[in-house]
Amino acid sequence: MLVTLHDSKATAVIDSTGAQLISLKDSAGTEYMWQRDPAFWGKCSPLLFPIIGNCRNNQTYLEGQVWNIPKHGFCREMDFSVTEQTGCSVTFEISDTEETKKIYPYAFRLSLTYTLHDGVLDMDYQVTNTDSRTIHYCLGAHPGFNCPLEKSAVFEDYDLVFEKDETISSMVYDSKRLEFNPDHRISRLNDSRILSLSRDLFKDDAVYFDGLQSRKVSLVNRNTGRGAEVSFPGFETVAFWTPYPAEAPFVCIEPWNGSAVYATEDDEFIHKNHVQTLLPGKQKHYGLAIRILE
């Protein structure tokens, strides 16, 4: 089921399968979201839960047992229920099922509320522990943005502009071992807030920052000022990705609480980086917003 939200400046369309944002257009009809071309990537904005990326050999230890949690979790193909809806807001929700319990042991409720106001799409992720035990999970977003937006532009016309000046490096992803290595880093910014896009930036897969001060980043055409701003106050890290060496016309901005396995981690889920912990009966909100830059 598709749900459409409107305001005077933008239109958003969300698919109940995966609660996935599949379209965000400005008032002129310009599409900002990647349109799921399987030639490059068949998704658009998947919700990552209860894992981000992969576990080592797709296995992890939880509650004294081995669990086979697939890459990015199980939400991407689940049909979410619509629990609330207005012209500018909608809430999608899932809970644990017999099928989820086969790969993840906990009882939970996960909801995602989209609210469109004045051209800004607010996204509120809420995790509720409905188990009798403390639960552990990771949570992430993965929206893909058209890049370039204009036919006259190219990928290299775009910058990632951070909220604050940063001196930061990114961990290199080992594509053979399928893990990030905290001891192998590449310097990306030195007291700067602008990271210019190039294809080679992504030659080692995702560019992952685990120590940013900024909680806001914009994908901007430096010649026109057009693009999209993503603010992620509810998330501790962020990654950027586009397929390499394919010249895909999009880039993903991915706020994460968690990531693919680190080379320095063991296989206990509760030892994962930025893992989230929630006591029985408690709930937690995670905020993210997308603002169109015209």
# chains A, B, ... in the order shown; residues from 1 in each chain; ligands from 1
$ residues_around --residues "range 132-149 of chain A" --least-positions-apart "6" --cutoff "6 Å" --atoms "only C-alpha atoms" --output "number ranges by chain"
A: 32-34, 44-51, 155, 249-258, 275-280
$ write_last_selection --atoms "N, CA and C atoms" --output "PDB file, in the first residue's frame"
ATOM      1  N   TYR A  32      13.504  13.935  -5.664  1.00  0.00           N
ATOM      2  CA  TYR A  32      14.760  13.939  -4.911  1.00  0.00           C
ATOM      3  C   TYR A  32      15.231  12.541  -4.521  1.00  0.00           C
ATOM      4  N   MET A  33      14.316  11.564  -4.492  1.00  0.00           N
ATOM      5  CA  MET A  33      14.679  10.223  -4.044  1.00  0.00           C
ATOM      6  C   MET A  33      15.030   9.315  -5.218  1.00  0.00           C
ATOM      7  N   TRP A  34      15.990   8.454  -4.995  1.00  0.00           N
ATOM      8  CA  TRP A  34      16.364   7.430  -5.955  1.00  0.00           C
ATOM      9  C   TRP A  34      15.160   6.524  -6.240  1.00  0.00           C
ATOM     10  N   CYS A  44      15.231   2.027  -2.049  1.00  0.00           N
ATOM     11  CA  CYS A  44      15.195   3.490  -2.071  1.00  0.00           C
ATOM     12  C   CYS A  44      15.549   4.081  -0.718  1.00  0.00           C
ATOM     13  N   SER A  45      14.905   3.564   0.343  1.00  0.00           N
ATOM     14  CA  SER A  45      15.151   4.103   1.682  1.00  0.00           C
ATOM     15  C   SER A  45      14.793   3.064   2.739  1.00  0.00           C
ATOM     16  N   PRO A  46      15.483   1.923   2.763  1.00  0.00           N
ATOM     17  CA  PRO A  46      15.109   0.852   3.682  1.00  0.00           C
ATOM     18  C   PRO A  46      15.371   1.209   5.154  1.00  0.00           C
ATOM     19  N   LEU A  47      14.560   0.613   6.011  1.00  0.00           N
ATOM     20  CA  LEU A  47      14.698   0.735   7.462  1.00  0.00           C
ATOM     21  C   LEU A  47      15.535  -0.447   7.932  1.00  0.00           C
ATOM     22  N   LEU A  48      16.621  -0.174   8.641  1.00  0.00           N
ATOM     23  CA  LEU A  48      17.562  -1.209   9.060  1.00  0.00           C
ATOM     24  C   LEU A  48      17.332  -1.546  10.534  1.00  0.00           C
ATOM     25  N   PHE A  49      16.913  -2.784  10.812  1.00  0.00           N
ATOM     26  CA  PHE A  49      16.609  -3.240  12.167  1.00  0.00           C
ATOM     27  C   PHE A  49      16.455  -4.757  12.130  1.00  0.00           C
ATOM     28  N   PRO A  50      16.950  -5.480  13.116  1.00  0.00           N
ATOM     29  CA  PRO A  50      17.685  -5.077  14.323  1.00  0.00           C
ATOM     30  C   PRO A  50      19.193  -5.078  14.126  1.00  0.00           C
ATOM     31  N   ILE A  51      19.629  -5.114  12.858  1.00  0.00           N
ATOM     32  CA  ILE A  51      21.048  -5.131  12.566  1.00  0.00           C
ATOM     33  C   ILE A  51      21.308  -4.169  11.416  1.00  0.00           C
ATOM     34  N   PHE A 155      27.663  14.048 -11.225  1.00  0.00           N
ATOM     35  CA  PHE A 155      27.868  13.596  -9.851  1.00  0.00           C
ATOM     36  C   PHE A 155      28.916  14.445  -9.136  1.00  0.00           C
ATOM     37  N   PRO A 249      23.474   7.072 -10.519  1.00  0.00           N
ATOM     38  CA  PRO A 249      23.089   8.481 -10.345  1.00  0.00           C
ATOM     39  C   PRO A 249      22.398   8.742  -9.005  1.00  0.00           C
ATOM     40  N   PHE A 250      23.000   8.267  -7.931  1.00  0.00           N
ATOM     41  CA  PHE A 250      22.445   8.531  -6.603  1.00  0.00           C
ATOM     42  C   PHE A 250      23.542   8.372  -5.561  1.00  0.00           C
ATOM     43  N   VAL A 251      23.270   8.924  -4.374  1.00  0.00           N
ATOM     44  CA  VAL A 251      24.137   8.703  -3.218  1.00  0.00           C
ATOM     45  C   VAL A 251      23.244   8.553  -1.990  1.00  0.00           C
ATOM     46  N   CYS A 252      23.615   7.645  -1.110  1.00  0.00           N
ATOM     47  CA  CYS A 252      22.849   7.409   0.121  1.00  0.00           C
ATOM     48  C   CYS A 252      23.494   8.136   1.294  1.00  0.00           C
ATOM     49  N   ILE A 253      22.645   8.717   2.118  1.00  0.00           N
ATOM     50  CA  ILE A 253      23.056   9.317   3.393  1.00  0.00           C
ATOM     51  C   ILE A 253      22.426   8.458   4.474  1.00  0.00           C
ATOM     52  N   GLU A 254      23.261   7.804   5.296  1.00  0.00           N
ATOM     53  CA  GLU A 254      22.789   6.719   6.152  1.00  0.00           C
ATOM     54  C   GLU A 254      23.113   6.952   7.632  1.00  0.00           C
ATOM     55  N   PRO A 255      22.246   7.585   8.386  1.00  0.00           N
ATOM     56  CA  PRO A 255      22.446   7.691   9.829  1.00  0.00           C
ATOM     57  C   PRO A 255      22.254   6.326  10.494  1.00  0.00           C
ATOM     58  N   TRP A 256      23.195   5.974  11.357  1.00  0.00           N
ATOM     59  CA  TRP A 256      23.193   4.638  11.954  1.00  0.00           C
ATOM     60  C   TRP A 256      23.396   4.717  13.463  1.00  0.00           C
ATOM     61  N   ASN A 257      22.767   3.777  14.170  1.00  0.00           N
ATOM     62  CA  ASN A 257      23.167   3.361  15.511  1.00  0.00           C
ATOM     63  C   ASN A 257      23.574   1.898  15.389  1.00  0.00           C
ATOM     64  N   GLY A 258      24.855   1.684  15.092  1.00  0.00           N
ATOM     65  CA  GLY A 258      25.368   0.369  14.769  1.00  0.00           C
ATOM     66  C   GLY A 258      26.039   0.410  13.407  1.00  0.00           C
ATOM     67  N   VAL A 275      25.451  -0.406  19.878  1.00  0.00           N
ATOM     68  CA  VAL A 275      24.252  -1.213  20.088  1.00  0.00           C
ATOM     69  C   VAL A 275      23.323  -0.486  21.069  1.00  0.00           C
ATOM     70  N   GLN A 276      22.028  -0.605  20.844  1.00  0.00           N
ATOM     71  CA  GLN A 276      21.020   0.040  21.681  1.00  0.00           C
ATOM     72  C   GLN A 276      20.451  -0.969  22.671  1.00  0.00           C
ATOM     73  N   THR A 277      20.163  -0.518  23.878  1.00  0.00           N
ATOM     74  CA  THR A 277      19.653  -1.370  24.945  1.00  0.00           C
ATOM     75  C   THR A 277      18.381  -0.751  25.508  1.00  0.00           C
ATOM     76  N   LEU A 278      17.353  -1.576  25.709  1.00  0.00           N
ATOM     77  CA  LEU A 278      16.058  -1.058  26.151  1.00  0.00           C
ATOM     78  C   LEU A 278      15.473  -2.009  27.185  1.00  0.00           C
ATOM     79  N   LEU A 279      15.112  -1.453  28.335  1.00  0.00           N
ATOM     80  CA  LEU A 279      14.560  -2.242  29.432  1.00  0.00           C
ATOM     81  C   LEU A 279      13.117  -2.649  29.139  1.00  0.00           C
ATOM     82  N   PRO A 280      12.618  -3.686  29.806  1.00  0.00           N
ATOM     83  CA  PRO A 280      11.235  -4.128  29.579  1.00  0.00           C
ATOM     84  C   PRO A 280      10.232  -2.997  29.804  1.00  0.00           C
TER      85      PRO A 280
END
$ residues_around --residues "Ala10 in chain A" --least-positions-apart "5" --cutoff "8 Å" --atoms "only C-alpha atoms" --output "number ranges by chain"
A: 24-27, 116, 118-120
$ atom_distance --atom1 "CA of Thr237 in chain A" --atom2 "CA of Asp159 in chain A"
18.8 Å
$ closest_atom_pairs --of "range 108-183 of chain A" --to "range 86-103 of chain A" --cutoff "12 Å" --atoms "only C-alpha atoms" --output "Markdown table"
| residue | atom | partner | partner_atom | distance |
| --- | --- | --- | --- | --- |
| A:Phe108 | CA | A:Ser95 | CA | 5.6 |
| A:Arg109 | CA | A:Ser95 | CA | 4.4 |
| A:Leu110 | CA | A:Ile94 | CA | 5.4 |
| A:Ser111 | CA | A:Glu93 | CA | 4.2 |
| A:Leu112 | CA | A:Phe92 | CA | 5.3 |
| A:Thr113 | CA | A:Thr91 | CA | 4.1 |
| A:Tyr114 | CA | A:Val90 | CA | 5.4 |
| A:Thr115 | CA | A:Ser89 | CA | 4.3 |
| A:Leu116 | CA | A:Cys88 | CA | 5.2 |
| A:His117 | CA | A:Cys88 | CA | 7.2 |
| A:Asp118 | CA | A:Cys88 | CA | 10.2 |
| A:Gly119 | CA | A:Cys88 | CA | 10.8 |
| A:Val120 | CA | A:Cys88 | CA | 10.8 |
| A:Leu121 | CA | A:Ser89 | CA | 9.4 |
| A:Asp122 | CA | A:Ser89 | CA | 9.3 |
| A:Met123 | CA | A:Thr91 | CA | 9.6 |
| A:Asp124 | CA | A:Thr91 | CA | 9.0 |
| A:Tyr125 | CA | A:Thr91 | CA | 9.6 |
| A:Gln126 | CA | A:Glu93 | CA | 9.2 |
| A:Val127 | CA | A:Ser95 | CA | 9.8 |
| A:Thr128 | CA | A:Ser95 | CA | 9.3 |
| A:Asn129 | CA | A:Ser95 | CA | 10.1 |
| A:Thr130 | CA | A:Ser95 | CA | 9.0 |
| A:Asp131 | CA | A:Asp96 | CA | 9.9 |
$ write_last_selection --atoms "N, CA and C atoms" --output "compact mmCIF listing (two decimals), in the first residue's frame"
# COMPACT_ATOMS: atom_id res chain seq x y z
N PHE A 108 9.08 -7.11 20.44
CA PHE A 108 9.29 -5.67 20.27
C PHE A 108 8.13 -5.08 19.47
N ARG A 109 8.05 -3.77 19.47
CA ARG A 109 7.19 -3.03 18.55
C ARG A 109 8.03 -1.93 17.94
N LEU A 110 7.96 -1.80 16.63
CA LEU A 110 8.75 -0.82 15.90
C LEU A 110 7.81 0.02 15.05
N SER A 111 7.87 1.33 15.23
CA SER A 111 7.02 2.21 14.43
C SER A 111 7.86 3.32 13.81
N LEU A 112 7.36 3.83 12.70
CA LEU A 112 8.00 4.93 11.99
C LEU A 112 6.91 5.90 11.56
N THR A 113 6.98 7.14 12.09
CA THR A 113 6.01 8.18 11.76
C THR A 113 6.65 9.20 10.83
N TYR A 114 6.01 9.43 9.70
CA TYR A 114 6.41 10.46 8.75
C TYR A 114 5.48 11.65 8.90
N THR A 115 6.03 12.85 9.02
CA THR A 115 5.24 14.08 9.07
C THR A 115 5.83 15.09 8.12
N LEU A 116 5.02 15.60 7.20
CA LEU A 116 5.46 16.58 6.22
C LEU A 116 4.92 17.94 6.60
N HIS A 117 5.85 18.91 6.79
CA HIS A 117 5.44 20.26 7.19
C HIS A 117 6.40 21.28 6.60
N ASP A 118 5.87 22.20 5.82
CA ASP A 118 6.65 23.30 5.26
C ASP A 118 7.86 22.79 4.47
N GLY A 119 7.66 21.72 3.73
CA GLY A 119 8.73 21.18 2.91
C GLY A 119 9.75 20.33 3.63
N VAL A 120 9.54 20.07 4.91
CA VAL A 120 10.45 19.23 5.70
C VAL A 120 9.73 17.93 6.04
N LEU A 121 10.38 16.80 5.77
CA LEU A 121 9.83 15.50 6.11
C LEU A 121 10.51 15.01 7.39
N ASP A 122 9.75 15.02 8.48
CA ASP A 122 10.24 14.51 9.77
C ASP A 122 9.95 13.02 9.87
N MET A 123 10.92 12.28 10.38
CA MET A 123 10.79 10.84 10.55
C MET A 123 11.11 10.50 12.00
N ASP A 124 10.13 9.92 12.69
CA ASP A 124 10.28 9.55 14.10
C ASP A 124 10.22 8.04 14.22
N TYR A 125 11.38 7.43 14.53
CA TYR A 125 11.47 5.99 14.75
C TYR A 125 11.23 5.73 16.23
N GLN A 126 10.37 4.77 16.54
CA GLN A 126 10.12 4.43 17.94
C GLN A 126 10.24 2.92 18.13
N VAL A 127 11.09 2.53 19.08
CA VAL A 127 11.25 1.13 19.44
C VAL A 127 10.68 0.94 20.85
N THR A 128 9.82 -0.06 21.00
CA THR A 128 9.22 -0.38 22.30
C THR A 128 9.58 -1.81 22.67
N ASN A 129 10.04 -2.00 23.89
CA ASN A 129 10.36 -3.34 24.39
C ASN A 129 9.10 -3.95 24.98
N THR A 130 8.52 -4.93 24.29
CA THR A 130 7.35 -5.64 24.79
C THR A 130 7.74 -6.99 25.36
N ASP A 131 9.02 -7.22 25.55
CA ASP A 131 9.54 -8.46 26.10
C ASP A 131 9.63 -8.35 27.62
$ atom_distance --atom1 "CA of Val172 in chain A" --atom2 "CA of Val66 in chain A"
27.5 Å
$ closest_residue --among "A:Trp41, A:Phe80, A:Tyr61, A:Phe180" --to "Ala19 in chain A" --atoms "only C-alpha atoms"
A:Phe80
$ closest_residue --among "A:Ile186, A:Ile22, A:Leu288, A:Met78" --to "Gly234 in chain A" --atoms "only C-alpha atoms"
A:Leu288
$ select_by_dssp --residues "range 67-272 of chain A" --states "helix (DSSP H, G or I)" --output "number ranges by chain"
A: 75-77, 100-102, 155-157, 199-202, 269-271
$ write_last_selection --atoms "C-alpha atoms" --output "short mmCIF file (atom, residue, chain, number, x, y, z; two decimals), in the first residue's frame"
data_model
loop_
_atom_site.label_atom_id
_atom_site.label_comp_id
_atom_site.auth_asym_id
_atom_site.auth_seq_id
_atom_site.Cartn_x
_atom_site.Cartn_y
_atom_site.Cartn_z
CA CYS A 75 12.19 -5.03 8.07
CA ARG A 76 12.82 -4.31 4.40
CA GLU A 77 10.35 -6.92 3.12
CA THR A 100 11.12 -12.86 13.30
CA LYS A 101 11.53 -15.00 16.42
CA LYS A 102 13.37 -17.57 14.28
CA PHE A 155 27.87 13.60 -9.85
CA GLU A 156 31.11 15.49 -9.24
CA ASP A 157 29.24 18.82 -9.05
CA ARG A 199 33.49 8.12 -7.71
CA ASP A 200 36.80 7.08 -6.15
CA LEU A 201 35.56 8.24 -2.75
CA PHE A 202 33.52 5.01 -2.67
CA PHE A 269 25.62 -8.98 19.72
CA ILE A 270 25.62 -6.93 22.92
CA HIS A 271 29.28 -6.01 22.25
#
$ decode --residues "range 6-21 of chain A" --atoms "N, CA and C atoms" --output "short mmCIF file (atom, residue, chain, number, x, y, z; two decimals), in the first residue's frame"
data_model
loop_
_atom_site.label_atom_id
_atom_site.label_comp_id
_atom_site.auth_asym_id
_atom_site.auth_seq_id
_atom_site.Cartn_x
_atom_site.Cartn_y
_atom_site.Cartn_z
N HIS A 6 0.98 15.40 1.58
CA HIS A 6 1.10 16.66 0.84
C HIS A 6 1.27 17.83 1.79
N ASP A 7 2.02 18.82 1.36
CA ASP A 7 1.89 20.17 1.89
C ASP A 7 2.16 21.13 0.73
N SER A 8 2.21 22.42 0.99
CA SER A 8 2.32 23.39 -0.10
C SER A 8 3.67 23.35 -0.81
N LYS A 9 4.69 22.75 -0.16
CA LYS A 9 6.04 22.77 -0.73
C LYS A 9 6.55 21.42 -1.20
N ALA A 10 5.89 20.34 -0.80
CA ALA A 10 6.44 19.03 -1.12
C ALA A 10 5.36 17.96 -1.10
N THR A 11 5.68 16.83 -1.72
CA THR A 11 4.85 15.63 -1.70
C THR A 11 5.75 14.44 -1.41
N ALA A 12 5.32 13.60 -0.48
CA ALA A 12 6.07 12.39 -0.13
C ALA A 12 5.19 11.17 -0.33
N VAL A 13 5.78 10.08 -0.81
CA VAL A 13 5.08 8.82 -0.97
C VAL A 13 5.85 7.74 -0.20
N ILE A 14 5.13 6.98 0.63
CA ILE A 14 5.74 5.93 1.44
C ILE A 14 5.05 4.62 1.14
N ASP A 15 5.83 3.57 0.99
CA ASP A 15 5.33 2.23 0.73
C ASP A 15 5.23 1.49 2.06
N SER A 16 4.08 0.85 2.32
CA SER A 16 3.94 0.11 3.57
C SER A 16 4.89 -1.09 3.63
N THR A 17 5.32 -1.60 2.48
CA THR A 17 6.35 -2.64 2.48
C THR A 17 7.67 -2.02 2.91
N GLY A 18 8.09 -2.34 4.10
CA GLY A 18 9.31 -1.78 4.65
C GLY A 18 9.17 -0.38 5.21
N ALA A 19 7.94 0.18 5.19
CA ALA A 19 7.73 1.58 5.59
C ALA A 19 8.74 2.48 4.88
N GLN A 20 8.93 2.23 3.60
CA GLN A 20 10.02 2.83 2.83
C GLN A 20 9.58 4.08 2.09
N LEU A 21 10.28 5.18 2.32
CA LEU A 21 10.07 6.40 1.55
C LEU A 21 10.52 6.15 0.12
#
